[in-house]
Amino acid sequence: MIEVNHLTKRFGGKVAVDDLTFTVENGEILGFLGPNGAGKSTTMNIITGCLSATDGSVSVNGYDVLDEPYKAKRSVGYLPEQPPLYMDMTVDEYLGFVYELKKVKLSKKAHLEDIKNATAITDVSKRRIKNLSKGYRQRVGLAQALIGNPAVLVLDEPTVGLDPAQIIEIRNVIKELAKRHTIILSSHILPEVSAVCNRVLIINKGKIVAEDTPENLSRKVEGENSVTAVIDGDSEAVSAAISSVEGVTGVELVNSRSDGGEYLIKAACDVRREVSIAVANSGGTIIEMKTNELSLEDIFIKLTGDTEEVKPDESDIQA
Amino acid sequence: MKAIFKRELMAYFTSPIGYVFIGVFAFISGFYFNDYVLVGGSGDISIPMYSSLLILVLLVPVLTMRLIAEERANKTDQLLLSAPVSVWGVVLGKLLAAMCVFAGAMMTSFPYVVIIAIHGSPVWGKILASYLGFLLLGLCFVSIGLFFSSVTESQIIALVITLGVLLASFLASILPSTGIDMLNQVIRLVAVTERFVDFRNGILMAENIIYYLSISALFVFLTVRNIEKRRWS
């Protein structure tokens with residue numbers, strides 16, 4: 001569906017995308033993961049024809065974006081990082097404009113109604129876009145990308161800046177869309193990508209660092225299983241009990257709280273059950289226990305051994 | 001192109017810009033008309049039209065400043081560039097929308113023609129030539145403004161550069177002869193408003209029409225190239 005061949009983009013002397021090659025199959029959801037400035041948006045801009053490549057080629061739906069730009073563009077719906085909205089228009093006016101701009105042949109009224117229902121914006125259709133909340137604007141941006149029923153959707157950080165409830169909503173909309181479209185989705189948040197994508201492409205500094213299914217990727221970085229537990233009880237006995245569990249590679253009391261000690265447990269595999277039993281046998285009580293999500297940073301360190309360049313925003317990782 | 005044209009025209013009238021442009025133009029050109037025709041007792045509408053040229057120099061930059069600069073600032077250009085339309089279509093659609101507002105402002109002077117027709121003895125050839133010249137000059141100004149709107153993301157900067165260029169061109173037309181032949185020719189080439197004198201005198205010269213159309217085409221071409229260049233940089 002999408003073929004990217006030896007794609008390179010230089011801005012002056014700076015290489016933004018460096019010899020990128022990948023394909024996306026029909027019906028697939030590809031997650032594009034990387035820190036800010038990795039080249040995600042640049043690649044997406046090239047696929048959608050907003051930017052031209054310095055070298056290499058991109059074809060969408062069998063059409064080269066340079067040789068047959070109109071045919072290629074007709075097969076793509078694009079939601080850029082900042083939704084391209086005209087603030088002085090109402091939602092209906094805006095969607096009508098995009099419909100005409102894309103020269104869509106489908107029945108206008110029915111098609112736009114369908115899209116408004118799919119993105120749940122029917123109730124704001126008469127309102128001016130400048131008066132909408134960020135979540136609604138994002139959905140109007142998504143609606144815009146859906147006009148003309150393109151085979152491919154390119155979504156650049158579709159959930160950035162939304163509150164948790166809106167993130168879940170948009171994710172559900174995307175999952176629904178995945179049934180009829182091939183999707184490329186970019187993000188710098190790992191759980192988001194693993195929640196919706198079949199395949200993940202991790203890029204850093206314009207190069208592919210890893211390419212696999214979310215499951216395989218987490219298997220690759222296994223060993224970094226870490227659990228945080230708050231345990232009430234004698235710290236020495238508890239530590240000893242946890243250490244004796246098979247697979248545990250390290251225990252550390254990181255914080256003493258009023259309701260118990262906070263321990264960081266590192267292990268080679270999932271040890272939550274065993275730890276729970278061991279702690280109980282030692283006379284301690286587990287107040288809470290959770291696995292620590294692997295951060296993008298951890299994955300990068302695992303996959304590249306490169307710790308210097310990756311400085312993702314802390315708040316984003318926790319989102 | 002049609003979709004762009006419709007949206008731009010709508011944008012002129014959902015924001016105050018369209019009303020301000022037409023209103024201010026009508027007010028000041030009406031002032032001149034009152035002065036020359038009603039009080040001065042002349043039946044020649046080309047005199048107040050010629051005087052209104054300075055208003056155009058000041059107002060056209062307001063009309064054109066947002067055309068492309070705003071798209072870039074709001075990143076809506078990504079929608080246009082990823083849509084199956086050519087950059088030419090986008091630029092021409094915008095040009096046409098701005099020209100419609102311009103023509104709307106120009107039409108506010110039609111009642112004066114009617115007044116002259118009733119109470120005076122109009123020279124129809126002169127009147128029609130004046131209007132044609134005015135429209136062509138407007139096309140030139142709008143194309144120049146369109147181009148400078150494409151070189152920056154800031155509407156204010158687009159406004160100031162366009163104003164500077166149009167004003168310089170206007171001043172070139174009232175410059176006294178320098179005595180150096182070469183320099184005179186260069187000045188005549190950049191003095192866009194000077195050609196209007198022939199039109200207001202009722203003289204339709206192919207040279208002048210081609211001149212106006214060429215200047216407009218040049219700036220439209222430069223605008224398209226400038227947008228495409230950003231894609232490649």
# chains A, B, ... in the order shown; residues from 1 in each chain; ligands from 1
$ closest_atom_pairs --of "chain B" --to "chain A" --cutoff "10 Å" --atoms "only C-alpha atoms" --output "JSON lines"
{"residue": "B:Met1", "atom": "CA", "partner": "A:Leu101", "partner_atom": "CA", "distance": 7.7}
{"residue": "B:Lys2", "atom": "CA", "partner": "A:Leu101", "partner_atom": "CA", "distance": 8.0}
{"residue": "B:Ala3", "atom": "CA", "partner": "A:Leu101", "partner_atom": "CA", "distance": 5.4}
{"residue": "B:Ile4", "atom": "CA", "partner": "A:Leu101", "partner_atom": "CA", "distance": 7.1}
{"residue": "B:Lys6", "atom": "CA", "partner": "A:Phe97", "partner_atom": "CA", "distance": 8.4}
{"residue": "B:Arg7", "atom": "CA", "partner": "A:Phe97", "partner_atom": "CA", "distance": 7.0}
{"residue": "B:Met10", "atom": "CA", "partner": "A:Met89", "partner_atom": "CA", "distance": 9.0}
{"residue": "B:Ala11", "atom": "CA", "partner": "A:Asp88", "partner_atom": "CA", "distance": 7.3}
{"residue": "B:Thr14", "atom": "CA", "partner": "A:Asp88", "partner_atom": "CA", "distance": 7.0}
{"residue": "B:Ser15", "atom": "CA", "partner": "A:Asp88", "partner_atom": "CA", "distance": 7.8}
{"residue": "B:Glu70", "atom": "CA", "partner": "A:Tyr86", "partner_atom": "CA", "distance": 9.8}
{"residue": "B:Glu71", "atom": "CA", "partner": "A:Tyr86", "partner_atom": "CA", "distance": 8.8}
{"residue": "B:Asn74", "atom": "CA", "partner": "A:Pro84", "partner_atom": "CA", "distance": 7.0}
{"residue": "B:Lys75", "atom": "CA", "partner": "A:Pro84", "partner_atom": "CA", "distance": 5.8}
{"residue": "B:Thr76", "atom": "CA", "partner": "A:Pro84", "partner_atom": "CA", "distance": 4.2}
{"residue": "B:Asp77", "atom": "CA", "partner": "A:Pro84", "partner_atom": "CA", "distance": 7.4}
{"residue": "B:Gln78", "atom": "CA", "partner": "A:Cys50", "partner_atom": "CA", "distance": 6.0}
{"residue": "B:Leu79", "atom": "CA", "partner": "A:Pro84", "partner_atom": "CA", "distance": 5.9}
{"residue": "B:Leu80", "atom": "CA", "partner": "A:Leu101", "partner_atom": "CA", "distance": 7.9}
{"residue": "B:Leu81", "atom": "CA", "partner": "A:Cys50", "partner_atom": "CA", "distance": 5.1}
{"residue": "B:Ser82", "atom": "CA", "partner": "A:Gly49", "partner_atom": "CA", "distance": 5.4}
{"residue": "B:Ala83", "atom": "CA", "partner": "A:Lys102", "partner_atom": "CA", "distance": 5.7}
{"residue": "B:Pro84", "atom": "CA", "partner": "A:Tyr70", "partner_atom": "CA", "distance": 4.6}
{"residue": "B:Val85", "atom": "CA", "partner": "A:Tyr70", "partner_atom": "CA", "distance": 7.0}
{"residue": "B:Ser86", "atom": "CA", "partner": "A:Tyr70", "partner_atom": "CA", "distance": 8.5}
{"residue": "B:Val90", "atom": "CA", "partner": "A:Leu101", "partner_atom": "CA", "distance": 9.7}
{"residue": "B:Glu228", "atom": "CA", "partner": "A:Leu51", "partner_atom": "CA", "distance": 9.1}
{"residue": "B:Lys229", "atom": "CA", "partner": "A:Ser52", "partner_atom": "CA", "distance": 9.6}
{"residue": "B:Arg230", "atom": "CA", "partner": "A:Leu51", "partner_atom": "CA", "distance": 8.0}
{"residue": "B:Arg231", "atom": "CA", "partner": "A:Leu51", "partner_atom": "CA", "distance": 4.6}
{"residue": "B:Trp232", "atom": "CA", "partner": "A:Ser52", "partner_atom": "CA", "distance": 5.3}
{"residue": "B:Ser233", "atom": "CA", "partner": "A:Phe11", "partner_atom": "CA", "distance": 6.4}
$ write_last_selection --atoms "N, CA and C atoms" --output "short mmCIF file (atom, residue, chain, number, x, y, z; two decimals), in the first residue's frame"
data_model
loop_
_atom_site.label_atom_id
_atom_site.label_comp_id
_atom_site.auth_asym_id
_atom_site.auth_seq_id
_atom_site.Cartn_x
_atom_site.Cartn_y
_atom_site.Cartn_z
N MET B 1 -9.41 24.93 -7.44
CA MET B 1 -9.36 26.39 -7.54
C MET B 1 -10.69 27.02 -7.11
N LYS B 2 -11.79 26.38 -7.51
CA LYS B 2 -13.10 26.93 -7.18
C LYS B 2 -13.33 26.91 -5.67
N ALA B 3 -12.91 25.80 -5.04
CA ALA B 3 -13.10 25.69 -3.60
C ALA B 3 -12.28 26.76 -2.88
N ILE B 4 -11.05 26.96 -3.32
CA ILE B 4 -10.19 27.97 -2.70
C ILE B 4 -10.81 29.35 -2.86
N LYS B 6 -13.91 30.21 -3.33
CA LYS B 6 -15.10 30.40 -2.50
C LYS B 6 -14.72 30.64 -1.04
N ARG B 7 -13.75 29.84 -0.56
CA ARG B 7 -13.36 29.99 0.84
C ARG B 7 -12.73 31.35 1.10
N MET B 10 -15.28 34.07 1.12
CA MET B 10 -16.04 34.00 2.36
C MET B 10 -15.22 34.57 3.51
N ALA B 11 -13.92 34.24 3.53
CA ALA B 11 -13.05 34.70 4.61
C ALA B 11 -12.96 36.23 4.63
N THR B 14 -16.17 37.18 6.44
CA THR B 14 -16.41 36.77 7.83
C THR B 14 -15.45 37.52 8.73
N SER B 15 -14.36 38.04 8.14
CA SER B 15 -13.47 38.92 8.90
C SER B 15 -13.80 40.34 8.46
N GLU B 70 -1.13 33.82 6.24
CA GLU B 70 -1.99 33.24 7.26
C GLU B 70 -2.01 31.71 7.18
N GLU B 71 -2.01 31.20 5.95
CA GLU B 71 -2.01 29.74 5.77
C GLU B 71 -0.76 29.14 6.38
N ASN B 74 -0.86 29.35 10.29
CA ASN B 74 -1.80 28.40 10.90
C ASN B 74 -1.56 26.97 10.46
N LYS B 75 -0.57 26.77 9.62
CA LYS B 75 -0.23 25.44 9.09
C LYS B 75 -1.37 24.83 8.27
N THR B 76 -2.28 25.66 7.80
CA THR B 76 -3.33 25.12 6.94
C THR B 76 -2.79 24.87 5.54
N ASP B 77 -1.58 25.38 5.25
CA ASP B 77 -1.00 25.11 3.94
C ASP B 77 -0.77 23.61 3.74
N GLN B 78 -0.63 22.88 4.87
CA GLN B 78 -0.44 21.43 4.74
C GLN B 78 -1.67 20.75 4.15
N LEU B 79 -2.84 21.32 4.46
CA LEU B 79 -4.07 20.78 3.89
C LEU B 79 -4.09 21.01 2.38
N LEU B 80 -3.70 22.21 1.97
CA LEU B 80 -3.74 22.55 0.54
C LEU B 80 -2.70 21.74 -0.23
N LEU B 81 -1.51 21.60 0.39
CA LEU B 81 -0.43 20.91 -0.32
C LEU B 81 -0.68 19.40 -0.41
N SER B 82 -1.41 18.85 0.57
CA SER B 82 -1.65 17.41 0.53
C SER B 82 -2.94 17.08 -0.23
N ALA B 83 -3.65 18.11 -0.69
CA ALA B 83 -4.88 17.87 -1.45
C ALA B 83 -4.52 17.73 -2.94
N PRO B 84 -5.37 17.02 -3.68
CA PRO B 84 -5.07 16.83 -5.11
C PRO B 84 -5.37 18.08 -5.94
N VAL B 85 -4.74 19.20 -5.59
CA VAL B 85 -4.86 20.42 -6.39
C VAL B 85 -3.46 20.95 -6.66
N SER B 86 -3.32 21.71 -7.75
CA SER B 86 -2.00 22.25 -8.06
C SER B 86 -1.79 23.55 -7.30
N VAL B 90 -4.32 26.89 -6.39
CA VAL B 90 -4.45 27.56 -5.09
C VAL B 90 -4.19 29.06 -5.25
N GLU B 228 6.44 26.46 -4.05
CA GLU B 228 7.03 25.17 -4.41
C GLU B 228 8.45 25.04 -3.88
N LYS B 229 9.14 26.16 -3.85
CA LYS B 229 10.52 26.14 -3.36
C LYS B 229 10.57 25.68 -1.89
N ARG B 230 9.58 26.13 -1.13
CA ARG B 230 9.58 25.74 0.28
C ARG B 230 9.42 24.24 0.46
N ARG B 231 8.77 23.63 -0.48
CA ARG B 231 8.63 22.20 -0.45
C ARG B 231 9.97 21.49 -0.64
N TRP B 232 10.78 22.10 -1.48
CA TRP B 232 12.04 21.44 -1.84
C TRP B 232 13.18 21.78 -0.90
N SER B 233 13.08 22.89 -0.20
CA SER B 233 14.21 23.33 0.62
C SER B 233 14.47 22.36 1.76
#
$ closest_atom_pairs --of "segment 14-122 of chain B" --to "segment 188-211 of chain B" --cutoff "10 Å" --atoms "only C-alpha atoms" --output "JSON lines"
{"residue": "B:Asp44", "atom": "CA", "partner": "B:Arg200", "partner_atom": "CA", "distance": 9.3}
{"residue": "B:Ile45", "atom": "CA", "partner": "B:Arg200", "partner_atom": "CA", "distance": 8.8}
{"residue": "B:Ser46", "atom": "CA", "partner": "B:Arg200", "partner_atom": "CA", "distance": 5.4}
{"residue": "B:Ile47", "atom": "CA", "partner": "B:Arg200", "partner_atom": "CA", "distance": 7.9}
{"residue": "B:Met49", "atom": "CA", "partner": "B:Arg200", "partner_atom": "CA", "distance": 8.4}
{"residue": "B:Tyr50", "atom": "CA", "partner": "B:Arg200", "partner_atom": "CA", "distance": 7.7}
{"residue": "B:Leu53", "atom": "CA", "partner": "B:Thr193", "partner_atom": "CA", "distance": 7.6}
{"residue": "B:Leu54", "atom": "CA", "partner": "B:Thr193", "partner_atom": "CA", "distance": 9.3}
{"residue": "B:Val57", "atom": "CA", "partner": "B:Thr193", "partner_atom": "CA", "distance": 9.6}
$ residues_around --residues "Val24 of chain B" --least-positions-apart "6" --cutoff "12 Å" --atoms "only C-alpha atoms" --output "ChimeraX atom specification"
/B:16-18,30-31,52,55-56,58-60,62-63,102,105-106,108
$ residues_around --residues "Ala97 of chain B" --least-positions-apart "4" --cutoff "6 Å" --atoms "only C-alpha atoms" --output "short mmCIF file (atom, residue, chain, number, x, y, z; two decimals) with N, CA, C and O atoms, in the first residue's frame"
data_model
loop_
_atom_site.label_atom_id
_atom_site.label_comp_id
_atom_site.auth_asym_id
_atom_site.auth_seq_id
_atom_site.Cartn_x
_atom_site.Cartn_y
_atom_site.Cartn_z
N PHE B 5 -11.26 29.61 -4.09
CA PHE B 5 -11.86 30.92 -4.38
C PHE B 5 -13.04 31.20 -3.45
O PHE B 5 -13.13 32.26 -2.84
N GLU B 8 -11.85 31.78 0.18
CA GLU B 8 -11.18 33.06 0.37
C GLU B 8 -12.18 34.21 0.38
O GLU B 8 -12.10 35.11 1.20
N LEU B 9 -13.12 34.14 -0.56
CA LEU B 9 -14.10 35.21 -0.66
C LEU B 9 -14.94 35.27 0.62
O LEU B 9 -15.19 36.34 1.17
#
$ residues_around --residues "Val114 of chain B" --least-positions-apart "6" --cutoff "12 Å" --atoms "only C-alpha atoms" --output "tab-separated table (two decimals) with N, CA and C atoms, in the first residue's frame"
chain	number	residue	atom	x	y	z
B	43	GLY	N	-17.21	66.88	-15.53
B	43	GLY	CA	-17.89	65.62	-15.88
B	43	GLY	C	-16.91	64.50	-16.11
B	45	ILE	N	-14.85	61.62	-14.81
B	45	ILE	CA	-14.71	60.75	-13.63
B	45	ILE	C	-13.28	60.25	-13.47
B	107	MET	N	-16.68	49.09	-7.92
B	107	MET	CA	-18.06	49.29	-8.35
B	107	MET	C	-18.80	50.31	-7.50
B	108	THR	N	-18.24	50.63	-6.32
B	108	THR	CA	-18.90	51.65	-5.51
B	108	THR	C	-18.88	53.00	-6.21
B	120	GLY	N	-24.52	65.49	-16.75
B	120	GLY	CA	-23.43	66.03	-17.56
B	120	GLY	C	-23.38	65.37	-18.92
B	121	SER	N	-22.25	65.49	-19.56
B	121	SER	CA	-22.10	64.83	-20.86
B	121	SER	C	-20.90	63.89	-20.79
B	122	PRO	N	-21.18	62.63	-20.44
B	122	PRO	CA	-20.07	61.70	-20.26
B	122	PRO	C	-19.40	61.33	-21.58
B	124	TRP	N	-18.00	58.33	-23.01
B	124	TRP	CA	-18.05	56.92	-22.62
B	124	TRP	C	-16.73	56.18	-22.86
B	127	ILE	N	-14.46	56.83	-20.02
B	127	ILE	CA	-14.91	56.19	-18.77
B	127	ILE	C	-14.57	54.70	-18.80
$ atom_distance --atom1 "atom CA of Ser256 of chain A" --atom2 "atom CA of Ser226 of chain A"
18.6 Å
$ residues_around --residues "Leu33 of chain A" --least-positions-apart "4" --cutoff "10 Å" --atoms "only C-alpha atoms" --output "ChimeraX atom specification"
/A:38-40,157,185-190,192-193,200-204,208-211,296
$ select_by_dssp --residues "segment 156-187 of chain B" --states "helix (DSSP H, G or I)" --output "PyMOL selection string"
chain B and resi 156-173+181-187
$ select_by_dssp --residues "segment 54-90 of chain A" --states "strand (DSSP E)" --output "list in words"
Asp55, Gly56, Ser57, Val58, Ser59, Val60, Tyr63, Asp64, Val76, Gly77, Tyr78 and Leu79 of chain A
